[in-house]
>>> print(open('query35.cif').read())   # mmCIF, C-alpha atoms and all ligand atoms
data_upload
#
loop_
_atom_site.label_atom_id
_atom_site.label_comp_id
_atom_site.auth_asym_id
_atom_site.auth_seq_id
_atom_site.Cartn_x
_atom_site.Cartn_y
_atom_site.Cartn_z
CA MET V 1 147.16 109.24 69.36
CA ASP V 2 149.17 106.72 67.36
CA LYS V 3 149.95 108.49 64.10
CA LYS V 4 150.20 106.50 60.90
CA GLN V 5 153.44 106.64 58.93
CA VAL V 6 152.63 108.02 55.51
CA ALA V 7 154.86 107.71 52.43
CA ILE V 8 154.24 109.98 49.45
CA ILE V 9 155.80 109.10 46.12
CA GLY V 10 156.49 112.12 43.93
CA ALA V 11 157.35 115.73 44.77
CA GLY V 12 155.47 117.39 41.92
CA ILE V 13 152.43 119.53 42.67
CA SER V 14 150.34 116.56 43.84
CA GLY V 15 153.04 115.27 46.18
CA LEU V 16 153.65 118.72 47.65
CA LEU V 17 149.94 119.13 48.30
CA ALA V 18 149.67 115.69 49.87
CA CYS V 19 152.67 116.46 52.07
CA LYS V 20 151.29 119.82 53.15
CA TYR V 21 147.87 118.45 54.11
CA CYS V 22 149.31 115.42 55.90
CA ILE V 23 151.50 117.73 58.00
CA SER V 24 148.48 119.92 58.74
CA LYS V 25 146.77 116.86 60.24
CA GLY V 26 149.74 116.10 62.47
CA PHE V 27 151.38 113.37 60.37
CA ASN V 28 155.08 113.20 59.66
CA PRO V 29 155.09 112.13 55.99
CA ILE V 30 158.12 111.08 54.05
CA VAL V 31 158.19 112.09 50.38
CA PHE V 32 160.39 110.35 47.80
CA ASP V 33 161.26 111.75 44.40
CA LEU V 34 163.67 110.32 41.89
CA GLU V 35 164.76 113.76 40.67
CA SER V 36 167.34 116.01 42.30
CA ASP V 37 164.78 118.76 42.91
CA ILE V 38 161.06 119.20 43.50
CA GLY V 39 158.57 120.40 40.86
CA GLY V 40 157.79 117.27 38.81
CA VAL V 41 157.02 118.14 35.19
CA TRP V 42 157.92 121.78 35.80
CA LEU V 43 161.50 120.93 36.71
CA LYS V 44 162.62 120.60 33.12
CA THR V 45 160.58 121.54 30.08
CA ILE V 46 161.31 122.74 26.60
CA LYS V 47 162.41 126.36 26.50
CA THR V 48 159.12 127.93 25.44
CA THR V 49 156.80 126.05 27.81
CA ARG V 50 154.42 128.19 29.78
CA LEU V 51 151.42 127.40 31.90
CA GLN V 52 148.52 126.68 29.56
CA ALA V 53 145.83 127.60 32.05
CA PRO V 54 145.55 131.22 33.20
CA LYS V 55 147.38 131.52 36.50
CA ALA V 56 144.19 132.53 38.33
CA LEU V 57 142.91 129.00 37.71
CA TYR V 58 146.17 127.30 38.57
CA GLN V 59 147.24 128.28 42.04
CA PHE V 60 147.25 126.99 45.59
CA THR V 61 144.18 128.15 47.49
CA ASP V 62 146.31 129.01 50.52
CA PHE V 63 149.24 130.46 48.61
CA PRO V 64 148.30 132.73 45.70
CA TRP V 65 150.72 133.72 42.97
CA PRO V 66 153.00 136.57 44.07
CA GLU V 67 152.15 139.99 42.63
CA SER V 68 155.55 140.07 40.95
CA VAL V 69 154.27 137.49 38.46
CA ILE V 70 152.29 139.71 36.12
CA ASP V 71 151.93 137.40 33.15
CA HIS V 72 148.67 135.43 32.97
CA PHE V 73 150.58 132.43 31.65
CA PRO V 74 153.74 132.13 33.75
CA THR V 75 156.93 130.67 32.34
CA GLN V 76 158.39 127.37 33.46
CA GLN V 77 160.91 129.19 35.66
CA GLN V 78 158.13 131.19 37.34
CA MET V 79 156.19 127.97 37.92
CA LEU V 80 159.22 126.35 39.48
CA ASP V 81 159.95 129.35 41.69
CA TYR V 82 156.32 129.35 42.80
CA LEU V 83 156.46 125.67 43.77
CA ARG V 84 159.78 126.06 45.58
CA THR V 85 158.48 129.03 47.57
CA TYR V 86 155.34 127.06 48.43
CA ALA V 87 157.40 124.12 49.68
CA THR V 88 159.67 126.36 51.74
CA HIS V 89 156.78 128.41 53.13
CA PHE V 90 154.99 125.33 54.47
CA GLY V 91 158.17 123.61 55.70
CA LEU V 92 157.86 120.70 53.28
CA MET V 93 161.51 120.36 52.29
CA ARG V 94 162.56 118.57 55.44
CA HIS V 95 160.09 115.79 54.60
CA ILE V 96 161.35 115.30 51.05
CA LYS V 97 164.04 112.83 50.03
CA LEU V 98 165.34 113.66 46.57
CA GLN V 99 167.25 111.34 44.24
CA SER V 100 165.19 108.59 45.81
CA ARG V 101 163.50 106.35 43.32
CA VAL V 102 160.80 104.05 44.66
CA GLU V 103 161.50 100.73 42.98
CA THR V 104 158.59 98.70 44.30
CA ILE V 105 155.80 98.72 46.81
CA SER V 106 154.61 95.50 48.35
CA TYR V 107 151.63 94.85 50.50
CA ASP V 108 151.89 93.27 53.89
CA GLY V 109 148.47 92.55 55.30
CA PRO V 110 145.40 90.34 55.10
CA SER V 111 144.80 88.98 51.62
CA SER V 112 141.31 90.46 51.33
CA PRO V 113 140.13 93.14 51.20
CA ALA V 114 143.09 95.04 49.79
CA TRP V 115 142.39 98.01 51.98
CA ASN V 116 140.38 98.41 55.07
CA SER V 117 136.88 99.71 54.53
CA SER V 118 136.34 100.86 58.08
CA GLY V 119 139.25 103.30 57.85
CA GLU V 120 140.33 102.37 61.37
CA THR V 121 143.19 99.98 60.84
CA PHE V 122 145.51 99.81 57.89
CA PRO V 123 147.80 97.08 56.64
CA LYS V 124 151.51 97.74 56.18
CA TRP V 125 153.26 98.55 52.93
CA ASN V 126 156.92 97.88 52.20
CA VAL V 127 158.43 100.63 50.11
CA SER V 128 161.78 99.84 48.55
CA VAL V 129 163.73 102.99 47.71
CA ASN V 130 166.87 103.44 45.68
CA HIS V 131 168.73 106.43 47.15
CA THR V 132 171.44 107.91 44.98
CA ARG V 133 174.04 110.28 46.31
CA THR V 134 176.25 112.01 43.82
CA GLY V 135 179.55 113.40 45.02
CA THR V 136 182.92 112.57 43.63
CA THR V 137 181.56 109.07 43.25
CA GLN V 138 177.97 107.97 42.96
CA VAL V 139 176.67 106.00 45.92
CA VAL V 140 173.52 103.96 45.57
CA SER V 141 171.75 102.39 48.52
CA ILE V 142 168.49 100.48 48.61
CA ILE V 143 166.50 101.03 51.76
CA GLY V 144 163.21 99.42 52.71
CA TYR V 145 160.61 101.52 54.55
CA VAL V 146 157.61 100.03 56.30
CA VAL V 147 154.66 102.43 56.29
CA ASP V 148 150.94 102.42 57.01
CA PHE V 149 149.76 104.34 54.00
CA VAL V 150 151.19 105.22 50.59
CA ILE V 151 150.02 108.17 48.50
CA LEU V 152 150.97 107.78 44.85
CA CYS V 153 151.70 111.14 43.20
CA LEU V 154 153.71 109.77 40.30
CA GLY V 155 152.31 112.06 37.61
CA ARG V 156 151.01 111.17 34.18
CA PHE V 157 153.12 113.29 31.84
CA LYS V 158 156.64 112.25 32.66
CA ASP V 159 159.04 109.30 32.91
CA VAL V 160 157.39 106.62 30.71
CA PRO V 161 157.23 107.77 27.07
CA ASN V 162 154.51 106.61 24.75
CA ILE V 163 156.18 105.78 21.44
CA PRO V 164 154.19 104.10 18.66
CA LYS V 165 155.12 100.52 17.89
CA PHE V 166 156.45 99.80 14.42
CA PRO V 167 156.70 96.50 12.55
CA ALA V 168 160.23 95.10 12.30
CA GLY V 169 162.25 96.93 9.66
CA LYS V 170 159.93 99.94 9.73
CA GLY V 171 160.89 101.55 13.00
CA PRO V 172 163.59 103.99 14.13
CA GLU V 173 166.22 101.23 13.83
CA VAL V 174 166.29 101.70 10.03
CA PHE V 175 166.49 105.48 10.24
CA ARG V 176 169.91 107.05 9.68
CA GLY V 177 169.01 110.23 11.56
CA LYS V 178 168.16 110.78 15.20
CA ALA V 179 164.77 109.73 16.61
CA ILE V 180 163.91 110.83 20.15
CA HIS V 181 160.92 111.36 22.39
CA SER V 182 159.92 114.88 23.47
CA MET V 183 161.00 113.86 26.99
CA GLU V 184 164.64 113.64 25.83
CA TYR V 185 164.34 116.92 23.96
CA ALA V 186 162.95 118.61 27.09
CA ALA V 187 165.73 117.13 29.24
CA MET V 188 168.39 118.77 27.07
CA ASP V 189 170.06 122.00 27.91
CA HIS V 190 168.12 124.64 25.87
CA ASP V 191 171.15 125.54 23.75
CA LYS V 192 171.77 121.88 22.96
CA ALA V 193 168.11 121.41 22.01
CA ALA V 194 168.30 124.41 19.67
CA ALA V 195 171.53 123.06 18.17
CA LEU V 196 169.90 119.67 17.59
CA VAL V 197 167.24 121.13 15.30
CA LYS V 198 169.24 124.01 13.84
CA GLY V 199 169.64 123.67 10.08
CA LYS V 200 168.02 120.22 10.12
CA LYS V 201 164.97 118.71 8.53
CA VAL V 202 162.81 117.95 11.52
CA VAL V 203 159.65 115.89 11.74
CA VAL V 204 157.59 116.29 14.89
CA VAL V 205 155.11 113.48 15.39
CA GLY V 206 152.15 114.51 17.49
CA PHE V 207 149.63 117.31 17.61
CA GLY V 208 149.37 118.09 21.32
CA LYS V 209 150.66 121.16 23.08
CA THR V 210 154.20 119.79 23.34
CA GLY V 211 154.28 118.93 19.63
CA LEU V 212 153.12 122.40 18.70
CA ASP V 213 155.65 124.03 21.01
CA ILE V 214 158.51 121.95 19.65
CA ALA V 215 157.47 122.70 16.06
CA ARG V 216 157.49 126.38 16.89
CA GLU V 217 160.96 126.09 18.44
CA CYS V 218 162.17 124.31 15.30
CA SER V 219 160.70 127.01 13.12
CA SER V 220 162.40 129.77 15.07
CA ALA V 221 165.71 127.95 14.83
CA ASN V 222 165.32 127.50 11.07
CA ASP V 223 163.90 129.09 7.97
CA VAL V 224 161.90 126.76 5.79
CA ARG V 225 162.85 123.44 7.21
CA SER V 226 160.62 122.05 9.92
CA CYS V 227 157.80 119.69 9.28
CA MET V 228 155.06 118.47 11.55
CA ILE V 229 152.54 115.70 11.22
CA LEU V 230 149.39 116.89 12.81
CA TYR V 231 145.83 117.98 12.41
CA MET V 232 144.74 120.54 14.90
CA PRO V 233 143.78 124.21 14.98
CA ASP V 234 145.83 126.28 17.40
CA PRO V 235 145.72 129.93 18.38
CA ASP V 236 148.70 132.30 18.75
CA ASN V 237 150.84 132.73 15.69
CA PHE V 238 151.22 129.06 14.98
CA PHE V 239 149.44 129.26 11.63
CA ASP V 240 151.51 132.28 10.60
CA GLU V 241 154.46 129.90 10.67
CA VAL V 242 152.42 127.41 8.70
CA GLU V 243 151.66 130.06 6.09
CA LYS V 244 155.33 130.96 5.89
CA LYS V 245 155.95 127.24 5.32
CA SER V 246 158.42 127.01 8.17
CA ILE V 247 155.99 124.49 9.65
CA ASN V 248 154.28 122.04 7.34
CA LEU V 249 151.33 119.97 8.39
CA LYS V 250 150.46 116.46 7.43
CA LYS V 251 147.71 114.32 8.82
CA SER V 252 148.35 110.62 9.01
CA LYS V 253 147.13 107.69 11.03
CA HIS V 254 150.05 105.43 10.24
CA ILE V 255 153.66 106.24 9.69
CA SER V 256 156.83 104.22 9.39
CA PHE V 257 160.52 104.94 9.06
CA TYR V 258 162.78 104.54 6.07
CA GLU V 259 166.49 105.25 6.13
CA ASN V 260 166.16 108.93 5.24
CA GLY V 261 163.01 109.88 7.05
CA ILE V 262 159.36 109.12 7.60
CA CYS V 263 156.97 107.37 5.29
CA ILE V 264 153.27 108.26 5.32
CA ASP V 265 151.66 104.85 4.98
CA GLU V 266 148.30 106.10 3.61
CA ASP V 267 149.64 107.66 0.42
CA LYS V 268 153.19 106.23 0.47
CA THR V 269 154.75 109.67 0.44
CA GLN V 270 158.16 110.06 2.00
CA ILE V 271 159.25 112.97 4.13
CA GLU V 272 162.97 113.43 4.42
CA ALA V 273 164.17 114.02 7.94
CA GLU V 274 167.37 114.24 9.93
CA VAL V 275 165.66 114.47 13.30
CA VAL V 276 162.33 112.92 14.33
CA ILE V 277 160.80 113.98 17.63
CA PHE V 278 157.92 111.98 19.07
CA ALA V 279 155.60 114.32 20.93
CA THR V 280 153.28 111.39 21.47
CA GLY V 281 152.72 111.64 25.18
CA PHE V 282 153.32 109.36 28.11
CA LYS V 283 152.05 106.13 29.60
CA GLY V 284 151.24 107.45 33.03
CA GLU V 285 149.02 104.57 34.03
CA GLU V 286 151.75 102.02 33.38
CA LYS V 287 153.92 103.81 35.88
CA LEU V 288 151.22 103.36 38.49
CA LYS V 289 150.68 99.72 37.66
CA ASP V 290 154.35 98.81 37.54
CA ILE V 291 155.28 100.24 40.89
CA PHE V 292 153.57 97.38 42.72
CA GLU V 293 155.59 94.25 43.28
CA SER V 294 152.48 92.16 42.76
CA SER V 295 150.70 92.54 39.43
CA ARG V 296 147.45 92.09 41.37
CA PHE V 297 147.44 95.75 42.36
CA GLY V 298 147.90 96.90 38.78
CA HIS V 299 144.39 95.64 38.11
CA PHE V 300 143.03 98.01 40.73
CA ILE V 301 144.16 101.08 38.82
CA ALA V 302 140.87 102.32 37.49
CA GLY V 303 140.66 104.43 34.36
CA SER V 304 142.01 107.92 34.03
CA PRO V 305 142.78 109.82 37.21
CA ARG V 306 141.41 113.33 37.39
CA VAL V 307 142.96 116.57 38.63
CA PRO V 308 144.51 116.64 42.08
CA LEU V 309 142.54 119.64 43.39
CA TYR V 310 141.19 118.78 46.82
CA ARG V 311 142.24 115.17 46.61
CA ALA V 312 145.21 115.71 48.89
CA LYS V 313 143.09 117.43 51.49
CA TRP V 314 140.53 114.65 51.22
CA VAL V 315 143.15 111.90 51.70
CA ALA V 316 144.59 113.68 54.72
CA ALA V 317 141.08 113.92 56.19
CA LEU V 318 140.55 110.21 55.54
CA LEU V 319 143.79 109.38 57.32
CA GLU V 320 142.75 111.56 60.21
CA GLY V 321 139.55 109.49 60.47
CA ALA V 322 137.22 112.36 59.56
CA PHE V 323 135.10 109.93 57.50
CA LYS V 324 135.12 106.31 56.44
CA LEU V 325 135.44 104.71 53.05
CA PRO V 326 132.51 102.85 51.55
CA SER V 327 132.93 99.10 51.14
CA VAL V 328 135.24 97.87 48.38
CA ASP V 329 132.18 96.46 46.65
CA GLU V 330 130.44 99.82 46.61
CA MET V 331 133.56 101.57 45.35
CA GLU V 332 133.94 99.10 42.52
CA LYS V 333 130.33 99.59 41.50
CA ASP V 334 130.82 103.34 41.56
CA ILE V 335 133.90 103.08 39.34
CA ALA V 336 131.93 100.94 36.90
CA ARG V 337 129.14 103.57 36.83
CA TRP V 338 131.67 106.30 36.09
CA ASP V 339 133.24 104.25 33.37
CA GLU V 340 129.85 103.68 31.76
CA TYR V 341 128.99 107.37 32.01
CA MET V 342 132.29 108.38 30.42
CA LYS V 343 131.80 105.92 27.58
CA GLN V 344 128.29 107.19 26.92
CA SER V 345 129.30 110.84 26.90
CA THR V 346 132.58 110.64 25.06
CA GLY V 347 132.52 107.31 23.21
CA GLU V 348 135.84 105.80 22.28
CA TYR V 349 137.75 108.81 23.63
CA HIS V 350 136.54 108.39 27.17
CA TYR V 351 140.01 107.83 28.61
CA ARG V 352 141.29 111.10 27.26
CA SER V 353 138.31 113.32 27.61
CA PRO V 354 138.37 115.94 30.35
CA VAL V 355 135.42 115.97 32.72
CA GLY V 356 135.72 119.68 33.32
CA ALA V 357 132.02 120.26 33.79
CA LEU V 358 131.92 117.61 36.48
CA GLU V 359 134.90 118.84 38.44
CA ILE V 360 132.77 121.22 40.46
CA TRP V 361 130.29 118.48 41.25
CA TYR V 362 133.18 116.15 42.08
CA ASN V 363 134.73 118.68 44.43
CA ASP V 364 131.31 119.08 46.04
CA GLN V 365 131.33 115.37 46.86
CA LEU V 366 134.76 115.69 48.43
CA CYS V 367 133.58 118.68 50.47
CA LYS V 368 130.57 116.65 51.55
CA ASP V 369 132.79 113.78 52.74
CA MET V 370 134.88 116.21 54.72
CA GLY V 371 131.80 117.81 56.29
CA MET V 372 132.43 121.13 54.55
CA ASN V 373 130.00 123.61 53.11
CA ARG V 374 129.34 122.91 49.45
CA MET V 375 128.04 126.44 48.79
CA ARG V 376 131.17 128.33 47.90
CA LYS V 377 129.59 131.43 46.36
CA ASN V 378 127.27 133.98 47.83
CA GLY V 379 123.88 132.69 46.83
CA LEU V 380 122.43 129.72 45.03
CA PHE V 381 122.47 131.27 41.55
CA ALA V 382 126.08 132.36 41.86
CA ASN V 383 126.96 128.87 43.06
CA LEU V 384 125.16 127.29 40.12
CA PHE V 385 126.16 129.62 37.29
CA GLU V 386 129.35 131.54 38.13
CA PRO V 387 132.72 130.09 37.15
CA HIS V 388 134.51 128.28 39.97
CA GLY V 389 138.24 128.58 40.59
CA PRO V 390 140.79 127.68 43.26
CA MET V 391 140.07 130.76 45.35
CA ASP V 392 136.45 129.69 45.84
CA TYR V 393 137.78 127.02 48.17
CA VAL V 394 139.75 129.36 50.41
CA LYS V 395 137.16 129.68 53.13
CA HIS V 396 137.07 125.92 53.66
C1 LIG V 401 154.77 120.69 29.67
C2 LIG V 401 153.56 120.56 30.55
C3 LIG V 401 152.70 121.64 30.71
C4 LIG V 401 151.56 121.53 31.52
N1 LIG V 401 150.72 122.59 31.65
C5 LIG V 401 149.61 122.47 32.40
C6 LIG V 401 148.69 123.56 32.54
O1 LIG V 401 148.91 124.62 32.01
N2 LIG V 401 147.58 123.38 33.29
C7 LIG V 401 147.32 122.18 33.91
O2 LIG V 401 146.29 122.06 34.59
N3 LIG V 401 148.18 121.15 33.79
C8 LIG V 401 149.29 121.27 33.04
N4 LIG V 401 150.13 120.21 32.91
C9 LIG V 401 149.80 118.97 33.59
C10 LIG V 401 150.72 118.80 34.81
O3 LIG V 401 151.20 117.52 34.65
C11 LIG V 401 149.96 119.01 36.11
O4 LIG V 401 149.40 120.29 36.12
C12 LIG V 401 150.84 118.88 37.36
O5 LIG V 401 152.02 119.66 37.30
C13 LIG V 401 151.16 117.43 37.59
O6 LIG V 401 151.71 117.32 38.88
P1 LIG V 401 151.88 115.91 39.55
O7 LIG V 401 152.53 116.15 40.87
O8 LIG V 401 150.58 115.19 39.54
O9 LIG V 401 152.85 115.09 38.58
P2 LIG V 401 154.36 115.36 38.17
O10 LIG V 401 154.65 116.79 38.06
O11 LIG V 401 154.63 114.48 36.99
O12 LIG V 401 155.19 114.80 39.41
C14 LIG V 401 155.36 113.43 39.63
C15 LIG V 401 156.67 113.24 40.38
O13 LIG V 401 156.78 111.87 40.74
C16 LIG V 401 158.14 111.50 40.60
N5 LIG V 401 158.20 110.05 40.43
C17 LIG V 401 157.64 109.31 39.47
N6 LIG V 401 157.92 108.00 39.66
C18 LIG V 401 158.67 107.94 40.79
C19 LIG V 401 159.28 106.87 41.51
N7 LIG V 401 159.15 105.59 41.12
N8 LIG V 401 159.98 107.16 42.61
C20 LIG V 401 160.13 108.43 43.03
N9 LIG V 401 159.57 109.49 42.39
C21 LIG V 401 158.86 109.24 41.28
C22 LIG V 401 158.60 112.26 39.38
O14 LIG V 401 160.00 112.42 39.36
C23 LIG V 401 157.87 113.60 39.54
O15 LIG V 401 158.67 114.56 40.21
C24 LIG V 401 151.28 120.31 32.14
C25 LIG V 401 152.14 119.22 31.96
C26 LIG V 401 153.27 119.35 31.17
C27 LIG V 401 154.15 118.15 30.96
#
>>> encode(input="query35.cif", output="C-alpha cells", more="lines below")
Ligand SMILES: Cc1cc2nc3c(=O)[nH]c(=O)nc-3n(C[C@H](O)[C@H](O)[C@H](O)COP(=O)(O)OP(=O)(O)OC[C@H]3O[C@@H](n4cnc5c(N)ncnc54)[C@H](O)[C@@H]3O)c2cc1C
Amino acid sequence: MDKKQVAIIGAGISGLLACKYCISKGFNPIVFDLESDIGGVWLKTIKTTRLQAPKALYQFTDFPWPESVIDHFPTQQQMLDYLRTYATHFGLMRHIKLQSRVETISYDGPSSPAWNSSGETFPKWNVSVNHTRTGTTQVVSIIGYVVDFVILCLGRFKDVPNIPKFPAGKGPEVFRGKAIHSMEYAAMDHDKAAALVKGKKVVVVGFGKTGLDIARECSSANDVRSCMILYMPDPDNFFDEVEKKSINLKKSKHISFYENGICIDEDKTQIEAEVVIFATGFKGEEKLKDIFESSRFGHFIAGSPRVPLYRAKWVAALLEGAFKLPSVDEMEKDIARWDEYMKQSTGEYHYRSPVGALEIWYNDQLCKDMGMNRMRKNGLFANLFEPHGPMDYVKH
C-alpha cells in the first residue's frame, strides 16, 4: 500500500503522541521542532513548576508513570524524564528533527475544498523548514519538504507571548526598570532568574498559575518586596505569603507604565517597581494561523482547541482510512453549533472555559469513529457516574 508522508510540527506531548500513533499504523512520520530537545512546554519552566493535574490523570495510557515517581504532582524534571523515556521506548527519536523551525506551510492542490472529504486522496503540502546546526559556527539551511498530510502540534502556551497593548508613552518604553514576559523568565537559568528578582521591587502582572508561581518565587527570594496584581483565590500557602505581606495583591483592569513602575489606571495609584513580569499568557492561536503561507487557512482555525487525548490516535486512524470525514459543509455547521453551545454555557468567556464535563462525551465520539467500544467501565452505571481517566482507555 502506498503510504502517505506525514509531517508533524512540534515535539511536545501532542507531537510525540501523533508520531507514536502514526508509526503504529505503518507510517514513517517526520517530526520538526524548533527547540534542541523534545518536551515542548516542559523543556524549560520556572524553577518551582510542577504538574498541576495529579499524575494519575496525566499519563500515557500505554506508558504509565514509573513507580519511582512517588509524588502526585511531579516536578518539571520528572515530567521531562517521563517524556524522554516515552520517546525512547517507542522509538520516536529517529523520526524527530530538532532545531528545525517550520517557517511556512503552503498548500498544493485543488482550490476547493481545502481538504478531501472522502479521505481517499490528499493534496500535497509544502513545508519549509529552517534547520539550524550549532557547532563551532552556526549553520542554517532552509529545506522544503513535500508531504501528504501535516499534523500541527504547535502548542498553545509557548512561543508567542500575549502582552497587553499600551497607548504611546504609557508602555514599557517609558519604564526605567526591566519589563519581561514570563516566557523570558522561564527561559533563564534558575540562578539568573532568582538573581533578577533578588532584592528588587517586583510587579507580576497576571493571576494564572504562572503568575502565582512567579510571585511565590519572588517572595522566597525576598522579604517584604514583591507585589502582584491579581484577584484569585489559590490553595497551598500562597495566602500565608500574602498575610506576611511578601506578596501584595491588587486588582486592576487597566494598568500603564511610568518611569518608576506601574500605574493603576482606576485609582491613579502608582506602584514602584524595578522588575515587571507579564504572566499574561500566550497567543497560541496566532501561531497556528501564521504558519500558513496563505492567510486563507488562518480563517479555518476554529475557536479553542481542546486537549490532545485520543486526537492523535484518531488522526492516525483517519490516515489509515479507518473512517471518512464528513463533508466540509457538515464540519463547518458542527463547529458553528459548538461555538453557539459554548457561548450559551459560558457567555463571554467561552474561548477560555474548559469543557471538562464534555471531554468524556467527546472521547466517546472519537471512539465511535474508530469503531471502538464506548463502554470503558464495567457496567452502565459505572460508565455514567464514575470518574474517567487515561487508564480507562487502555483496553482500546
Ligand atoms: C508551565 C505549564 C504547566 C502546565 N501544567 C499542566 C498540567 O498540569 N496539566 C495539564 O493538563 N496541562 C498543563 N499544561 C498545559 C500543557 O501545555 C499541555 O499539558 C501539554 O504539555 C501541551 O503539549 P503540546 O505538545 O500540545 O504543546 P507544547 O508542549 O507547547 O509543544 C509544542 C511544540 O511545538 C514546537 N513548535 C512550535 N512552533 C513550531 C514551529 N514553527 N516549528 C517547529 N516547532 C514548533 C515548540 O517548540 C514545542 O516544542 C501546562 C503548561 C505549562 C506552560
>>> residues_near_ligand(input="query35.cif", ligand="ligand LIG 401 (chain V)", cutoff="6 Å", atoms="all atoms listed in the file", output="PDB file with C-alpha atoms, in the coordinates of the input")
ATOM      1  CA  ILE V   9     155.800 109.100  46.120  1.00  0.00           C
ATOM      2  CA  GLY V  10     156.490 112.120  43.930  1.00  0.00           C
ATOM      3  CA  ALA V  11     157.350 115.730  44.770  1.00  0.00           C
ATOM      4  CA  GLY V  12     155.470 117.390  41.920  1.00  0.00           C
ATOM      5  CA  ILE V  13     152.430 119.530  42.670  1.00  0.00           C
ATOM      6  CA  SER V  14     150.340 116.560  43.840  1.00  0.00           C
ATOM      7  CA  GLY V  15     153.040 115.270  46.180  1.00  0.00           C
ATOM      8  CA  PHE V  32     160.390 110.350  47.800  1.00  0.00           C
ATOM      9  CA  ASP V  33     161.260 111.750  44.400  1.00  0.00           C
ATOM     10  CA  LEU V  34     163.670 110.320  41.890  1.00  0.00           C
ATOM     11  CA  GLU V  35     164.760 113.760  40.670  1.00  0.00           C
ATOM     12  CA  GLY V  39     158.570 120.400  40.860  1.00  0.00           C
ATOM     13  CA  GLY V  40     157.790 117.270  38.810  1.00  0.00           C
ATOM     14  CA  VAL V  41     157.020 118.140  35.190  1.00  0.00           C
ATOM     15  CA  THR V  45     160.580 121.540  30.080  1.00  0.00           C
ATOM     16  CA  LEU V  51     151.420 127.400  31.900  1.00  0.00           C
ATOM     17  CA  GLN V  52     148.520 126.680  29.560  1.00  0.00           C
ATOM     18  CA  ALA V  53     145.830 127.600  32.050  1.00  0.00           C
ATOM     19  CA  SER V 100     165.190 108.590  45.810  1.00  0.00           C
ATOM     20  CA  ARG V 101     163.500 106.350  43.320  1.00  0.00           C
ATOM     21  CA  VAL V 102     160.800 104.050  44.660  1.00  0.00           C
ATOM     22  CA  GLU V 103     161.500 100.730  42.980  1.00  0.00           C
ATOM     23  CA  CYS V 153     151.700 111.140  43.200  1.00  0.00           C
ATOM     24  CA  LEU V 154     153.710 109.770  40.300  1.00  0.00           C
ATOM     25  CA  GLY V 155     152.310 112.060  37.610  1.00  0.00           C
ATOM     26  CA  ARG V 156     151.010 111.170  34.180  1.00  0.00           C
ATOM     27  CA  PHE V 157     153.120 113.290  31.840  1.00  0.00           C
ATOM     28  CA  LYS V 158     156.640 112.250  32.660  1.00  0.00           C
TER      29      LYS V 158
END
>>> closest_residue(input="query35.cif", among="V:Asp369, V:Asp364, V:Glu184, V:Glu266", to="Ala316 (chain V)", atoms="all atoms listed in the file")
V:Asp369
>>> atom_distance(input="query35.cif", atom1="CA of Val69 (chain V)", atom2="CA of Lys377 (chain V)")
26.6 Å
>>> atom_distance(input="query35.cif", atom1="CA of Gly109 (chain V)", atom2="CA of Phe27 (chain V)")
21.6 Å
>>> residues_around(input="query35.cif", residues="Val6 (chain V)", least_positions_apart="2", cutoff="8 Å", atoms="all atoms listed in the file", output="number ranges by chain")
V: 4, 8, 27-30, 147-151
>>> residues_around(input="query35.cif", residues="region 141-144 of chain V", least_positions_apart="4", cutoff="6 Å", atoms="all atoms listed in the file", output="PDB file with C-alpha atoms, keeping the file's coordinate frame")
ATOM      1  CA  VAL V 127     158.430 100.630  50.110  1.00  0.00           C
ATOM      2  CA  SER V 128     161.780  99.840  48.550  1.00  0.00           C
ATOM      3  CA  VAL V 129     163.730 102.990  47.710  1.00  0.00           C
ATOM      4  CA  ASN V 130     166.870 103.440  45.680  1.00  0.00           C
ATOM      5  CA  HIS V 131     168.730 106.430  47.150  1.00  0.00           C
TER       6      HIS V 131
END
>>> closest_residue(input="query35.cif", among="V:Val31, V:Leu98, V:Val205, V:Ala312", to="Ile255 (chain V)", atoms="all atoms listed in the file")
V:Val205
>>> closest_residue(input="query35.cif", among="V:Gly206, V:Gly177, V:Gly281, V:Gly321", to="Glu259 (chain V)", atoms="only C-alpha atoms")
V:Gly177
>>> closest_residue(input="query35.cif", among="V:Asp334, V:Asp290, V:Asp81, V:Asp213", to="Trp42 (chain V)", atoms="all atoms listed in the file")
V:Asp81
>>> atom_distance(input="query35.cif", atom1="CA of Met342 (chain V)", atom2="CA of Asn363 (chain V)")
17.6 Å
>>> residues_around(input="query35.cif", residues="region 291-295 of chain V", least_positions_apart="6", cutoff="7 Å", atoms="all atoms listed in the file", output="list in words")
Glu103, Thr104, Ile105 and Ser106 of chain V
>>> residues_near_point(input="query35.cif", point="(140.5, 130.1, 54.2)", cutoff="12 Å", atoms="all atoms listed in the file", output="PyMOL selection string")
chain V and resi 60-64+376+390-396
>>> closest_residue(input="query35.cif", among="V:Lys198, V:Lys268, V:His388, V:Lys3", to="Glu320 (chain V)", atoms="all atoms listed in the file")
V:Lys3
>>> closest_residue(input="query35.cif", among="V:Gln270, V:Thr75, V:Asn373, V:Asn260", to="Ala179 (chain V)", atoms="all atoms listed in the file")
V:Asn260
>>> residues_around(input="query35.cif", residues="Gln78 (chain V)", least_positions_apart="2", cutoff="12 Å", atoms="all atoms listed in the file", output="JSON, numbers by chain")
{"V": [39, 42, 43, 49, 50, 51, 55, 65, 66, 67, 68, 69, 70, 71, 72, 73, 74, 75, 76, 80, 81, 82, 83, 84, 85]}
>>> residues_around(input="query35.cif", residues="Ser256 (chain V)", least_positions_apart="4", cutoff="9 Å", atoms="all atoms listed in the file", output="ChimeraX atom specification")
/V:166-167,170-172,261-265
